[in-house]
Each structure stands twice: as C-alpha cells, then as structure tokens.
$ cat target-v3.pdb   # PDB, C-alpha atoms
MODEL        1
ATOM      1  CA  MET E   1     -39.221   6.347 -23.429
ATOM      2  CA  SER E   2     -41.294   9.503 -23.070
ATOM      3  CA  ILE E   3     -40.807  12.593 -25.243
ATOM      4  CA  VAL E   4     -39.487  14.491 -22.213
ATOM      5  CA  GLU E   5     -36.870  11.801 -21.543
ATOM      6  CA  ALA E   6     -35.950  11.757 -25.223
ATOM      7  CA  ILE E   7     -35.412  15.527 -25.236
ATOM      8  CA  TRP E   8     -33.246  15.444 -22.129
ATOM      9  CA  LEU E   9     -31.138  12.502 -23.298
ATOM     10  CA  ALA E  10     -30.677  14.025 -26.771
ATOM     11  CA  LEU E  11     -29.635  17.321 -25.163
ATOM     12  CA  ILE E  12     -27.117  15.521 -22.952
ATOM     13  CA  GLN E  13     -25.692  13.571 -25.899
ATOM     14  CA  GLY E  14     -25.571  16.600 -28.183
ATOM     15  CA  ILE E  15     -23.911  18.853 -25.619
ATOM     16  CA  THR E  16     -21.410  16.351 -24.254
ATOM     17  CA  GLU E  17     -20.401  14.574 -27.483
ATOM     18  CA  PHE E  18     -17.918  17.281 -28.462
ATOM     19  CA  LEU E  19     -17.062  18.865 -25.113
ATOM     20  CA  PRO E  20     -14.075  17.389 -23.229
ATOM     21  CA  ILE E  21     -16.302  16.275 -20.343
ATOM     22  CA  SER E  22     -17.358  12.717 -21.318
ATOM     23  CA  SER E  23     -20.794  11.910 -22.682
ATOM     24  CA  SER E  24     -20.817   8.503 -20.961
ATOM     25  CA  ALA E  25     -20.331  10.151 -17.562
ATOM     26  CA  HIS E  26     -23.465  12.193 -18.180
ATOM     27  CA  LEU E  27     -25.615   9.511 -19.787
ATOM     28  CA  ILE E  28     -25.176   7.313 -16.725
ATOM     29  CA  LEU E  29     -26.822   9.930 -14.503
ATOM     30  CA  PRO E  30     -30.426   9.603 -15.759
ATOM     31  CA  SER E  31     -30.335   5.797 -15.642
ATOM     32  CA  GLN E  32     -28.575   5.293 -12.297
ATOM     33  CA  ILE E  33     -29.704   8.386 -10.406
ATOM     34  CA  LEU E  34     -33.188   9.051 -11.819
ATOM     35  CA  GLY E  35     -33.971   5.435 -12.606
ATOM     36  CA  TRP E  36     -34.786   6.044 -16.262
ATOM     37  CA  ALA E  37     -34.908   3.037 -18.558
ATOM     38  CA  ASP E  38     -32.079   2.350 -21.003
ATOM     39  CA  GLN E  39     -32.503   4.530 -24.076
ATOM     40  CA  GLY E  40     -32.208   1.594 -26.469
ATOM     41  CA  LEU E  41     -30.347   0.996 -29.723
ATOM     42  CA  ALA E  42     -32.731   2.923 -31.967
ATOM     43  CA  PHE E  43     -32.328   6.092 -29.909
ATOM     44  CA  ASP E  44     -28.539   5.602 -29.795
ATOM     45  CA  VAL E  45     -28.516   5.532 -33.592
ATOM     46  CA  ALA E  46     -30.725   8.630 -33.722
ATOM     47  CA  VAL E  47     -28.484  10.781 -31.522
ATOM     48  CA  HIS E  48     -25.406   9.559 -33.383
ATOM     49  CA  VAL E  49     -27.015  10.710 -36.628
ATOM     50  CA  GLY E  50     -27.850  14.076 -35.056
ATOM     51  CA  THR E  51     -24.333  14.734 -33.767
ATOM     52  CA  LEU E  52     -22.807  13.507 -37.043
ATOM     53  CA  LEU E  53     -24.954  15.921 -39.041
ATOM     54  CA  ALA E  54     -23.953  18.721 -36.667
ATOM     55  CA  VAL E  55     -20.185  18.300 -37.024
ATOM     56  CA  VAL E  56     -20.420  17.750 -40.787
ATOM     57  CA  MET E  57     -22.576  20.852 -41.176
ATOM     58  CA  TYR E  58     -20.333  22.992 -38.980
ATOM     59  CA  TYR E  59     -17.176  21.920 -40.824
ATOM     60  CA  ARG E  60     -18.889  21.499 -44.192
ATOM     61  CA  GLN E  61     -16.199  23.462 -46.038
ATOM     62  CA  ASP E  62     -13.413  21.366 -44.513
ATOM     63  CA  VAL E  63     -15.337  18.140 -45.122
ATOM     64  CA  GLY E  64     -15.869  19.037 -48.787
ATOM     65  CA  GLN E  65     -12.215  19.908 -49.299
ATOM     66  CA  LEU E  66     -11.097  16.766 -47.469
ATOM     67  CA  ALA E  67     -13.300  14.604 -49.690
ATOM     68  CA  VAL E  68     -12.052  16.287 -52.867
ATOM     69  CA  GLY E  69      -8.453  16.137 -51.683
ATOM     70  CA  TRP E  70      -8.674  12.458 -50.749
ATOM     71  CA  VAL E  71     -10.209  11.475 -54.101
ATOM     72  CA  GLY E  72      -7.592  13.594 -55.856
ATOM     73  CA  SER E  73      -4.793  11.829 -53.984
ATOM     74  CA  LEU E  74      -5.992   8.516 -55.412
ATOM     75  CA  THR E  75      -5.410   9.870 -58.916
ATOM     76  CA  GLY E  76      -2.025  11.406 -58.168
ATOM     77  CA  ARG E  77      -3.224  14.986 -57.488
ATOM     78  CA  HIS E  78      -1.746  15.642 -54.065
ATOM     79  CA  SER E  79      -2.861  18.536 -51.868
ATOM     80  CA  GLU E  80      -2.756  19.687 -48.260
ATOM     81  CA  PHE E  81      -6.354  18.566 -47.692
ATOM     82  CA  GLY E  82      -5.648  15.220 -49.335
ATOM     83  CA  ARG E  83      -2.761  14.716 -46.920
ATOM     84  CA  LEU E  84      -4.954  15.717 -43.954
ATOM     85  CA  ALA E  85      -7.651  13.283 -45.092
ATOM     86  CA  TRP E  86      -5.133  10.429 -45.046
ATOM     87  CA  LEU E  87      -3.952  11.468 -41.578
ATOM     88  CA  ILE E  88      -7.558  11.275 -40.354
ATOM     89  CA  VAL E  89      -7.893   7.803 -41.889
ATOM     90  CA  LEU E  90      -4.653   6.728 -40.191
ATOM     91  CA  ALA E  91      -5.690   8.189 -36.821
ATOM     92  CA  THR E  92      -9.041   6.374 -37.002
ATOM     93  CA  ILE E  93      -7.502   2.892 -37.272
ATOM     94  CA  PRO E  94      -6.580   2.484 -33.551
ATOM     95  CA  ALA E  95     -10.119   3.385 -32.455
ATOM     96  CA  GLY E  96     -11.580   0.989 -35.011
ATOM     97  CA  LEU E  97      -9.383  -1.856 -33.742
ATOM     98  CA  ALA E  98     -10.137  -1.004 -30.105
ATOM     99  CA  GLY E  99     -13.863  -0.997 -30.810
ATOM    100  CA  LEU E 100     -13.645  -4.287 -32.701
ATOM    101  CA  PHE E 101     -11.725  -6.194 -30.051
ATOM    102  CA  GLY E 102     -12.483  -4.327 -26.827
ATOM    103  CA  SER E 103     -16.092  -3.159 -26.924
ATOM    104  CA  ASP E 104     -17.518  -6.299 -25.298
ATOM    105  CA  LEU E 105     -14.966  -6.089 -22.470
ATOM    106  CA  VAL E 106     -15.870  -2.467 -21.811
ATOM    107  CA  GLU E 107     -19.621  -3.185 -21.946
ATOM    108  CA  ASN E 108     -19.262  -5.982 -19.407
ATOM    109  CA  TYR E 109     -16.813  -4.414 -16.959
ATOM    110  CA  GLY E 110     -16.302  -0.723 -17.707
ATOM    111  CA  ARG E 111     -19.638   1.017 -17.364
ATOM    112  CA  SER E 112     -19.793   1.322 -13.585
ATOM    113  CA  ALA E 113     -20.230   4.709 -11.942
ATOM    114  CA  LEU E 114     -16.989   4.180  -9.985
ATOM    115  CA  ILE E 115     -14.870   3.634 -13.081
ATOM    116  CA  ILE E 116     -16.492   6.605 -14.821
ATOM    117  CA  ALA E 117     -15.843   8.793 -11.758
ATOM    118  CA  ILE E 118     -12.166   7.799 -11.658
ATOM    119  CA  THR E 119     -11.589   8.341 -15.381
ATOM    120  CA  THR E 120     -13.528  11.626 -15.333
ATOM    121  CA  ILE E 121     -11.219  12.991 -12.632
ATOM    122  CA  GLY E 122      -8.017  11.363 -13.868
ATOM    123  CA  PHE E 123      -8.236  12.409 -17.492
ATOM    124  CA  GLY E 124      -9.537  15.806 -16.398
ATOM    125  CA  LEU E 125      -6.254  16.360 -14.552
ATOM    126  CA  VAL E 126      -4.297  15.231 -17.605
ATOM    127  CA  LEU E 127      -6.260  17.744 -19.713
ATOM    128  CA  TRP E 128      -5.384  20.467 -17.181
ATOM    129  CA  TYR E 129      -1.677  19.565 -17.408
ATOM    130  CA  ALA E 130      -1.740  19.557 -21.210
ATOM    131  CA  ASP E 131      -3.530  22.891 -21.371
ATOM    132  CA  ALA E 132      -1.291  24.533 -18.757
ATOM    133  CA  ARG E 133       1.866  23.354 -20.543
ATOM    134  CA  ALA E 134       0.577  23.928 -24.079
ATOM    135  CA  SER E 135       3.200  25.500 -26.337
ATOM    136  CA  GLU E 136       0.694  26.135 -29.160
ATOM    137  CA  LYS E 137       3.527  26.262 -31.653
ATOM    138  CA  SER E 138       2.002  24.446 -34.605
ATOM    139  CA  GLY E 139      -1.172  24.227 -36.668
ATOM    140  CA  ILE E 140      -3.102  21.334 -38.105
ATOM    141  CA  GLU E 141      -1.285  21.691 -41.433
ATOM    142  CA  SER E 142       2.013  20.700 -39.769
ATOM    143  CA  LEU E 143       0.744  17.416 -38.307
ATOM    144  CA  THR E 144       3.057  14.505 -39.000
ATOM    145  CA  ILE E 145       2.122  10.861 -39.487
ATOM    146  CA  ARG E 146       3.576  10.053 -36.053
ATOM    147  CA  GLN E 147       1.556  12.799 -34.354
ATOM    148  CA  ALA E 148      -1.675  11.793 -36.085
ATOM    149  CA  LEU E 149      -1.132   8.181 -35.055
ATOM    150  CA  LEU E 150      -0.480   9.190 -31.431
ATOM    151  CA  ILE E 151      -3.729  11.182 -31.371
ATOM    152  CA  GLY E 152      -5.442   8.141 -32.878
ATOM    153  CA  VAL E 153      -4.076   5.892 -30.124
ATOM    154  CA  ALA E 154      -5.331   8.409 -27.555
ATOM    155  CA  GLN E 155      -8.747   8.277 -29.210
ATOM    156  CA  ALA E 156      -8.775   4.485 -28.820
ATOM    157  CA  ILE E 157      -8.336   4.893 -25.043
ATOM    158  CA  ALA E 158     -11.631   6.820 -25.032
ATOM    159  CA  LEU E 159     -13.395   3.469 -25.378
ATOM    160  CA  ILE E 160     -13.127   3.451 -21.568
ATOM    161  CA  PRO E 161     -16.236   5.278 -20.285
ATOM    162  CA  GLY E 162     -15.567   8.620 -18.623
ATOM    163  CA  THR E 163     -12.443   9.324 -20.651
ATOM    164  CA  SER E 164     -14.094  11.607 -23.259
ATOM    165  CA  ARG E 165     -13.144  11.064 -26.883
ATOM    166  CA  SER E 166     -12.904  14.768 -27.620
ATOM    167  CA  GLY E 167     -11.135  15.426 -24.321
ATOM    168  CA  ILE E 168      -8.355  12.907 -24.787
ATOM    169  CA  THR E 169      -7.740  13.722 -28.457
ATOM    170  CA  MET E 170      -7.498  17.440 -27.626
ATOM    171  CA  THR E 171      -5.197  16.559 -24.723
ATOM    172  CA  ALA E 172      -2.938  14.617 -27.073
ATOM    173  CA  GLY E 173      -3.005  17.441 -29.613
ATOM    174  CA  LEU E 174      -2.003  20.012 -26.985
ATOM    175  CA  LEU E 175       0.810  17.789 -25.681
ATOM    176  CA  LEU E 176       2.084  17.491 -29.253
ATOM    177  CA  GLY E 177       2.234  21.274 -29.610
ATOM    178  CA  LEU E 178      -0.960  22.031 -31.510
ATOM    179  CA  LYS E 179      -2.731  25.332 -30.976
ATOM    180  CA  ARG E 180      -5.960  24.973 -28.995
ATOM    181  CA  LEU E 181      -8.244  25.712 -31.933
ATOM    182  CA  ASP E 182      -6.284  23.356 -34.183
ATOM    183  CA  ALA E 183      -6.379  20.577 -31.580
ATOM    184  CA  ALA E 184     -10.153  21.034 -31.352
ATOM    185  CA  ARG E 185     -10.569  21.170 -35.131
ATOM    186  CA  PHE E 186      -8.619  17.951 -35.674
ATOM    187  CA  SER E 187     -10.538  16.281 -32.842
ATOM    188  CA  PHE E 188     -13.886  17.246 -34.378
ATOM    189  CA  LEU E 189     -12.902  16.150 -37.884
ATOM    190  CA  LEU E 190     -11.557  12.913 -36.428
ATOM    191  CA  SER E 191     -14.916  12.301 -34.770
ATOM    192  CA  ILE E 192     -16.705  11.963 -38.118
ATOM    193  CA  PRO E 193     -15.466   8.483 -39.132
ATOM    194  CA  VAL E 194     -15.715   7.269 -35.518
ATOM    195  CA  ILE E 195     -19.343   8.387 -35.201
ATOM    196  CA  VAL E 196     -20.090   6.786 -38.583
ATOM    197  CA  MET E 197     -18.549   3.499 -37.420
ATOM    198  CA  ALA E 198     -20.281   3.536 -34.025
ATOM    199  CA  GLY E 199     -23.661   4.518 -35.471
ATOM    200  CA  GLY E 200     -23.330   2.019 -38.290
ATOM    201  CA  TYR E 201     -22.506  -0.796 -35.873
ATOM    202  CA  GLN E 202     -25.522   0.050 -33.738
ATOM    203  CA  ALA E 203     -27.746   0.293 -36.819
ATOM    204  CA  VAL E 204     -26.711  -3.204 -37.915
ATOM    205  CA  LYS E 205     -27.488  -4.571 -34.442
ATOM    206  CA  LEU E 206     -30.852  -2.802 -34.499
ATOM    207  CA  ILE E 207     -31.747  -4.348 -37.869
ATOM    208  CA  GLN E 208     -30.732  -7.798 -36.626
ATOM    209  CA  LEU E 209     -32.881  -7.450 -33.508
ATOM    210  CA  GLY E 210     -35.863  -6.267 -35.542
ATOM    211  CA  ASP E 211     -37.279  -4.217 -32.676
ATOM    212  CA  ALA E 212     -40.182  -1.843 -33.235
ATOM    213  CA  VAL E 213     -39.173   1.809 -33.575
ATOM    214  CA  ASN E 214     -40.971   4.845 -32.166
ATOM    215  CA  TRP E 215     -40.362   7.272 -35.026
ATOM    216  CA  THR E 216     -41.538  10.299 -33.038
ATOM    217  CA  VAL E 217     -38.880   9.661 -30.395
ATOM    218  CA  ILE E 218     -36.298   9.028 -33.125
ATOM    219  CA  ALA E 219     -37.109  12.345 -34.817
ATOM    220  CA  VAL E 220     -36.819  14.153 -31.485
ATOM    221  CA  GLY E 221     -33.462  12.465 -30.856
ATOM    222  CA  VAL E 222     -32.025  13.477 -34.234
ATOM    223  CA  GLY E 223     -33.334  17.048 -34.138
ATOM    224  CA  VAL E 224     -32.461  17.901 -30.553
ATOM    225  CA  SER E 225     -28.998  16.284 -30.627
ATOM    226  CA  PHE E 226     -28.219  18.081 -33.909
ATOM    227  CA  ALA E 227     -29.206  21.500 -32.563
ATOM    228  CA  ALA E 228     -27.426  20.958 -29.242
ATOM    229  CA  ALA E 229     -24.207  19.656 -30.834
ATOM    230  CA  PHE E 230     -24.033  22.374 -33.504
ATOM    231  CA  THR E 231     -24.517  25.135 -30.923
ATOM    232  CA  CYS E 232     -22.089  23.478 -28.548
ATOM    233  CA  ILE E 233     -19.276  23.264 -31.110
ATOM    234  CA  HIS E 234     -19.623  26.957 -31.915
ATOM    235  CA  LEU E 235     -19.660  28.093 -28.275
ATOM    236  CA  PHE E 236     -16.876  25.712 -27.243
ATOM    237  CA  LEU E 237     -14.465  27.150 -29.811
ATOM    238  CA  LYS E 238     -15.247  30.646 -28.530
ATOM    239  CA  VAL E 239     -14.601  29.607 -24.915
ATOM    240  CA  ILE E 240     -11.255  27.855 -25.444
ATOM    241  CA  GLU E 241      -9.995  30.727 -27.588
ATOM    242  CA  ARG E 242     -10.525  33.095 -24.656
ATOM    243  CA  MET E 243     -10.210  30.894 -21.554
ATOM    244  CA  GLY E 244      -8.512  27.646 -22.519
ATOM    245  CA  MET E 245      -9.612  24.286 -21.121
ATOM    246  CA  LEU E 246      -9.715  25.246 -17.433
ATOM    247  CA  PRO E 247     -13.529  25.635 -17.171
ATOM    248  CA  PHE E 248     -13.984  22.099 -18.490
ATOM    249  CA  VAL E 249     -11.274  20.719 -16.192
ATOM    250  CA  ILE E 250     -13.038  22.229 -13.171
ATOM    251  CA  TYR E 251     -16.367  20.839 -14.361
ATOM    252  CA  ARG E 252     -14.878  17.346 -14.775
ATOM    253  CA  LEU E 253     -13.453  17.410 -11.258
ATOM    254  CA  VAL E 254     -16.771  18.511  -9.767
ATOM    255  CA  LEU E 255     -18.675  15.868 -11.739
ATOM    256  CA  GLY E 256     -16.182  13.157 -10.781
ATOM    257  CA  VAL E 257     -16.416  14.018  -7.089
ATOM    258  CA  PHE E 258     -20.215  13.982  -7.334
ATOM    259  CA  LEU E 259     -20.134  10.518  -8.924
ATOM    260  CA  LEU E 260     -17.805   9.279  -6.176
ATOM    261  CA  TRP E 261     -20.209  10.652  -3.579
ATOM    262  CA  PHE E 262     -23.080   8.902  -5.363
ATOM    263  CA  VAL E 263     -21.193   5.587  -5.393
ATOM    264  CA  PHE E 264     -20.161   5.623  -1.739
ATOM    265  CA  ALA E 265     -23.090   7.505  -0.177
TER     266      ALA E 265
ENDMDL
END
$ encode --input "target-v3.pdb" --output "structure tokens"
Amino acid sequence: MSIVEAIWLALIQGITEFLPISSSAHLILPSQILGWADQGLAFDVAVHVGTLLAVVMYYRQDVGQLAVGWVGSLTGRHSEFGRLAWLIVLATIPAGLAGLFGSDLVENYGRSALIIAITTIGFGLVLWYADARASEKSGIESLTIRQALLIGVAQAIALIPGTSRSGITMTAGLLLGLKRLDAARFSFLLSIPVIVMAGGYQAVKLIQLGDAVNWTVIAVGVGVSFAAAFTCIHLFLKVIERMGMLPFVIYRLVLGVFLLWFVFA
C-alpha cells in the first residue's frame, strides 16, 4: 500500500465511521472500482485505533465520568453515569454475540457490492422515516434497559455491510423518542466498546499471522483517521442540530444508486 492510498483509505474510514452513511459501502469503492489492493489487517487495526482515540478524546469528559460511575456502582455508589455505563455494557452484548457467531458468514456472503447497495438504500429510507417521525421527547438520561437493549440489537444488525453502525443505532434511538443529539451521543459512546472489540480481534489475528508491518503506513493510518473522525464528529453534531438527518439520507440514496449502476453496468 502506498502512502497516498493509506491517506485516502484512512480519510474514508475516519469520515464514515461515525456518519450514518456506512463505512463498508465506501471502503468497497477503492478496491472494486479503482482496483486497489486489500488494505490488510495491520492497517485495519491502525484506523480502528485512530477512530477510537477520536471518539474517546471528543467525549473524554463523558468517558471519564462513565468509568468513575461504573467503578462506583461496583462498590454500591450508584450514579446516573454508573447507570448509563451499565446500559452501554448491556447494549454491546448483542453486537458481541453477532460478531462472534456471524462474522464468518458475513465475510463469505455479505460483502458484495449488490448487497451493500441494497442495504445502503434500504436502511437510508428507514433513517429518513425515523428522522421525519422523530418525537424528540426524551434525553439519554431517561433511557430504559429495554430501550438500550433494542438499540443494541439494532447495532448487531450493522454487521451486515452497508447498514452503518452509527446510522442504525441513531435510527433506533430516534424511533424510541430520543432527541437527535442524544441519539447521536449514545451511538458514539456505544461505539467505543465495539471498536475495542473489533480492533482487538483484528490485532490478535495479526499477531497470529506474524506478517511484517509497514510502520510508516500504520502511523499515517492512525493519524489521518483520528483527525478525520474527530473533525467529523464535531461537524456532524452541528449539522443534525440544524438540519436533521435528511442530508445523509439523500447521500445514502445517491451512493446506493451509484453502486447499483456499478453492479449492473
């Protein structure tokens, strides 16, 4: 992988990881349209580290309070952040189980451009419906165990390429009555353990394979994906506060139609 390819792929990963537009739908473009080689496990780990650092840094105050609250809950000192930390743990379980038992199935049968095109359009329309019908009547502090679990189940569906993890969890949050910014905040906080699990799994596979690592490319991957993801989170929250999810719905539909054209052209 050249430095130029590394920069572009890290930008794509960093920008699309937290937007409701599907990172897998975008990462397929360089390989299938431009003919670029697979980015490899080491680079996957690098961009996961970059995006993880970005979301932790952006929500560093929340992350610190969640950690303190969770530890406190173990010693009987209950708090709102301790409760939220447990809800995040609960909502992560479905995705963990889906990844454990379904990842091989998805790798073998789910990464085609046609499937990604269909899910990009389909779940884009569901996001539009959820945003258009959003009541925005509750905040993250009012989340119940049932609601957190439903968002977690939605997150597990994102194992299917083209769905968008952030997109489907925000969709679920909006359908459950969360305000847009609260749905996004919970989605981003929920991404932390999932990115840790995914990156950790890939790191273990990388160690087992014992492949040589190009540390320059790795550094580029971490740095560029961090900067892109951090900036993207900030701008995304500004956009949905003013315009809602419609710009991202339109983008998904355009991208999905383009992928369909690419498949059948």
$ closest_atom_pairs --input "target-v3.pdb" --of "segment 148-173 of chain E" --to "segment 6-24 of chain E" --cutoff "8 Å" --atoms "only C-alpha atoms" --output "JSON lines"
{"residue": "E:Pro161", "atom": "CA", "partner": "E:Ser24", "partner_atom": "CA", "distance": 5.6}
{"residue": "E:Gly162", "atom": "CA", "partner": "E:Ser22", "partner_atom": "CA", "distance": 5.2}
{"residue": "E:Thr163", "atom": "CA", "partner": "E:Ser22", "partner_atom": "CA", "distance": 6.0}
{"residue": "E:Ser164", "atom": "CA", "partner": "E:Ser22", "partner_atom": "CA", "distance": 4.0}
{"residue": "E:Arg165", "atom": "CA", "partner": "E:Ser22", "partner_atom": "CA", "distance": 7.2}
{"residue": "E:Ser166", "atom": "CA", "partner": "E:Pro20", "partner_atom": "CA", "distance": 5.2}
{"residue": "E:Gly167", "atom": "CA", "partner": "E:Pro20", "partner_atom": "CA", "distance": 3.7}
{"residue": "E:Ile168", "atom": "CA", "partner": "E:Pro20", "partner_atom": "CA", "distance": 7.4}
{"residue": "E:Met170", "atom": "CA", "partner": "E:Pro20", "partner_atom": "CA", "distance": 7.9}
$ write_last_selection --input "target-v3.pdb" --atoms "C-alpha atoms" --output "compact mmCIF listing (two decimals), in the frame of the given file"
# COMPACT_ATOMS: atom_id res chain seq x y z
CA PRO E 161 -16.24 5.28 -20.28
CA GLY E 162 -15.57 8.62 -18.62
CA THR E 163 -12.44 9.32 -20.65
CA SER E 164 -14.09 11.61 -23.26
CA ARG E 165 -13.14 11.06 -26.88
CA SER E 166 -12.90 14.77 -27.62
CA GLY E 167 -11.14 15.43 -24.32
CA ILE E 168 -8.36 12.91 -24.79
CA MET E 170 -7.50 17.44 -27.63
$ atom_distance --input "target-v3.pdb" --atom1 "atom CA of Thr92 of chain E" --atom2 "atom CA of Gln155 of chain E"
8.0 Å
$ resolve_selection --input "target-v3.pdb" --expression "the PyMOL selection byres ((chain E and resi 40-56) around 8)" --output "number ranges by chain"
E: 10, 13-14, 17, 38-39, 57-60, 63, 188-189, 192, 195-196, 198-200, 202-203, 205-206, 213, 217-219, 221-227, 229-230, 233
$ closest_residue --input "target-v3.pdb" --among "E:Gly99, E:Leu159, E:Arg77, E:Ala117" --to "Leu253 of chain E" --atoms "all atoms listed in the file"
E:Ala117
$ closest_residue --input "target-v3.pdb" --among "E:Gly173, E:Gly256, E:Gly152, E:Gly76" --to "Val89 of chain E" --atoms "all atoms listed in the file"
E:Gly152
$ resolve_selection --input "target-v3.pdb" --expression "the PyMOL selection byres ((chain E and resi 248) around 9)" --output "list in words"
Leu19, Pro20, Ile21, Gly124, Leu127, Trp128, Gly244, Met245, Leu246, Pro247, Val249, Ile250, Tyr251, Arg252 and Leu253 of chain E
$ atom_distance --input "target-v3.pdb" --atom1 "atom CA of Gly177 of chain E" --atom2 "atom CA of Pro193 of chain E"
23.8 Å
$ atom_distance --input "target-v3.pdb" --atom1 "atom CA of Glu80 of chain E" --atom2 "atom CA of Leu143 of chain E"
10.8 Å
$ resolve_selection --input "target-v3.pdb" --expression "the PyMOL selection byres ((chain E and resi 88) around 9)" --output "MDAnalysis selection string"
chainID E and resid 83:87 89:93 148:149 152 186 189:190 193
$ closest_residue --input "target-v3.pdb" --among "E:Met1, E:Met243, E:Ala132, E:Leu74" --to "Thr171 of chain E" --atoms "only C-alpha atoms"
E:Ala132
$ closest_residue --input "target-v3.pdb" --among "E:Val106, E:Val68, E:Val254, E:Ala183" --to "Asp131 of chain E" --atoms "only C-alpha atoms"
E:Ala183
$ axis_aligned_box --input "target-v3.pdb" --around "segment 73-89 of chain E" --padding-each-side "5 Å" --output "JSON"
{"center_x": -4.8, "center_y": 13.7, "center_z": -49.6, "size_x": 16.1, "size_y": 21.9, "size_z": 28.6}
$ closest_residue --input "target-v3.pdb" --among "E:Leu27, E:Leu260, E:Ile140, E:Leu175" --to "Phe81 of chain E" --atoms "all atoms listed in the file"
E:Ile140
$ build_atoms --input "target-v3.pdb" --residues "segment 207-224 of chain E" --atoms "N, CA, C and O atoms" --output "PDB file, in the frame of the given file"
ATOM      1  N   ILE E 207     -31.092  -3.624 -36.770  1.00  0.00           N
ATOM      2  CA  ILE E 207     -31.747  -4.348 -37.869  1.00  0.00           C
ATOM      3  C   ILE E 207     -31.834  -5.838 -37.543  1.00  0.00           C
ATOM      4  O   ILE E 207     -32.855  -6.492 -37.783  1.00  0.00           O
ATOM      5  N   GLN E 208     -30.758  -6.372 -36.962  1.00  0.00           N
ATOM      6  CA  GLN E 208     -30.732  -7.798 -36.626  1.00  0.00           C
ATOM      7  C   GLN E 208     -31.755  -8.129 -35.543  1.00  0.00           C
ATOM      8  O   GLN E 208     -32.387  -9.187 -35.578  1.00  0.00           O
ATOM      9  N   LEU E 209     -31.923  -7.211 -34.591  1.00  0.00           N
ATOM     10  CA  LEU E 209     -32.881  -7.450 -33.508  1.00  0.00           C
ATOM     11  C   LEU E 209     -34.322  -7.323 -33.990  1.00  0.00           C
ATOM     12  O   LEU E 209     -35.218  -7.988 -33.481  1.00  0.00           O
ATOM     13  N   GLY E 210     -34.539  -6.449 -34.978  1.00  0.00           N
ATOM     14  CA  GLY E 210     -35.863  -6.267 -35.542  1.00  0.00           C
ATOM     15  C   GLY E 210     -36.866  -5.652 -34.592  1.00  0.00           C
ATOM     16  O   GLY E 210     -38.070  -5.908 -34.695  1.00  0.00           O
ATOM     17  N   ASP E 211     -36.378  -4.838 -33.644  1.00  0.00           N
ATOM     18  CA  ASP E 211     -37.279  -4.217 -32.676  1.00  0.00           C
ATOM     19  C   ASP E 211     -38.141  -3.139 -33.325  1.00  0.00           C
ATOM     20  O   ASP E 211     -37.739  -2.500 -34.307  1.00  0.00           O
ATOM     21  N   ALA E 212     -39.312  -2.922 -32.760  1.00  0.00           N
ATOM     22  CA  ALA E 212     -40.182  -1.843 -33.235  1.00  0.00           C
ATOM     23  C   ALA E 212     -39.566  -0.491 -32.887  1.00  0.00           C
ATOM     24  O   ALA E 212     -38.895  -0.346 -31.871  1.00  0.00           O
ATOM     25  N   VAL E 213     -39.789   0.496 -33.749  1.00  0.00           N
ATOM     26  CA  VAL E 213     -39.173   1.809 -33.575  1.00  0.00           C
ATOM     27  C   VAL E 213     -40.250   2.866 -33.399  1.00  0.00           C
ATOM     28  O   VAL E 213     -41.215   2.912 -34.166  1.00  0.00           O
ATOM     29  N   ASN E 214     -40.080   3.700 -32.379  1.00  0.00           N
ATOM     30  CA  ASN E 214     -40.971   4.845 -32.166  1.00  0.00           C
ATOM     31  C   ASN E 214     -40.393   6.015 -32.960  1.00  0.00           C
ATOM     32  O   ASN E 214     -39.453   6.677 -32.516  1.00  0.00           O
ATOM     33  N   TRP E 215     -40.960   6.292 -34.122  1.00  0.00           N
ATOM     34  CA  TRP E 215     -40.362   7.272 -35.026  1.00  0.00           C
ATOM     35  C   TRP E 215     -40.470   8.696 -34.502  1.00  0.00           C
ATOM     36  O   TRP E 215     -39.653   9.555 -34.848  1.00  0.00           O
ATOM     37  N   THR E 216     -41.447   8.970 -33.646  1.00  0.00           N
ATOM     38  CA  THR E 216     -41.538  10.299 -33.038  1.00  0.00           C
ATOM     39  C   THR E 216     -40.343  10.551 -32.120  1.00  0.00           C
ATOM     40  O   THR E 216     -39.702  11.612 -32.167  1.00  0.00           O
ATOM     41  N   VAL E 217     -40.029   9.568 -31.295  1.00  0.00           N
ATOM     42  CA  VAL E 217     -38.880   9.661 -30.395  1.00  0.00           C
ATOM     43  C   VAL E 217     -37.580   9.765 -31.199  1.00  0.00           C
ATOM     44  O   VAL E 217     -36.672  10.526 -30.844  1.00  0.00           O
ATOM     45  N   ILE E 218     -37.495   8.996 -32.283  1.00  0.00           N
ATOM     46  CA  ILE E 218     -36.298   9.028 -33.125  1.00  0.00           C
ATOM     47  C   ILE E 218     -36.104  10.423 -33.725  1.00  0.00           C
ATOM     48  O   ILE E 218     -34.995  10.973 -33.735  1.00  0.00           O
ATOM     49  N   ALA E 219     -37.186  11.006 -34.223  1.00  0.00           N
ATOM     50  CA  ALA E 219     -37.109  12.345 -34.817  1.00  0.00           C
ATOM     51  C   ALA E 219     -36.680  13.375 -33.781  1.00  0.00           C
ATOM     52  O   ALA E 219     -35.862  14.269 -34.069  1.00  0.00           O
ATOM     53  N   VAL E 220     -37.210  13.253 -32.573  1.00  0.00           N
ATOM     54  CA  VAL E 220     -36.819  14.153 -31.485  1.00  0.00           C
ATOM     55  C   VAL E 220     -35.325  13.986 -31.183  1.00  0.00           C
ATOM     56  O   VAL E 220     -34.590  14.968 -31.002  1.00  0.00           O
ATOM     57  N   GLY E 221     -34.867  12.741 -31.138  1.00  0.00           N
ATOM     58  CA  GLY E 221     -33.462  12.465 -30.856  1.00  0.00           C
ATOM     59  C   GLY E 221     -32.527  13.081 -31.881  1.00  0.00           C
ATOM     60  O   GLY E 221     -31.522  13.711 -31.533  1.00  0.00           O
ATOM     61  N   VAL E 222     -32.862  12.919 -33.160  1.00  0.00           N
ATOM     62  CA  VAL E 222     -32.025  13.477 -34.234  1.00  0.00           C
ATOM     63  C   VAL E 222     -32.028  15.003 -34.178  1.00  0.00           C
ATOM     64  O   VAL E 222     -30.970  15.648 -34.198  1.00  0.00           O
ATOM     65  N   GLY E 223     -33.221  15.590 -34.088  1.00  0.00           N
ATOM     66  CA  GLY E 223     -33.334  17.048 -34.138  1.00  0.00           C
ATOM     67  C   GLY E 223     -32.700  17.742 -32.950  1.00  0.00           C
ATOM     68  O   GLY E 223     -31.939  18.707 -33.113  1.00  0.00           O
ATOM     69  N   VAL E 224     -32.981  17.251 -31.759  1.00  0.00           N
ATOM     70  CA  VAL E 224     -32.461  17.901 -30.553  1.00  0.00           C
ATOM     71  C   VAL E 224     -30.949  17.715 -30.445  1.00  0.00           C
ATOM     72  O   VAL E 224     -30.218  18.661 -30.118  1.00  0.00           O
TER      73      VAL E 224
END
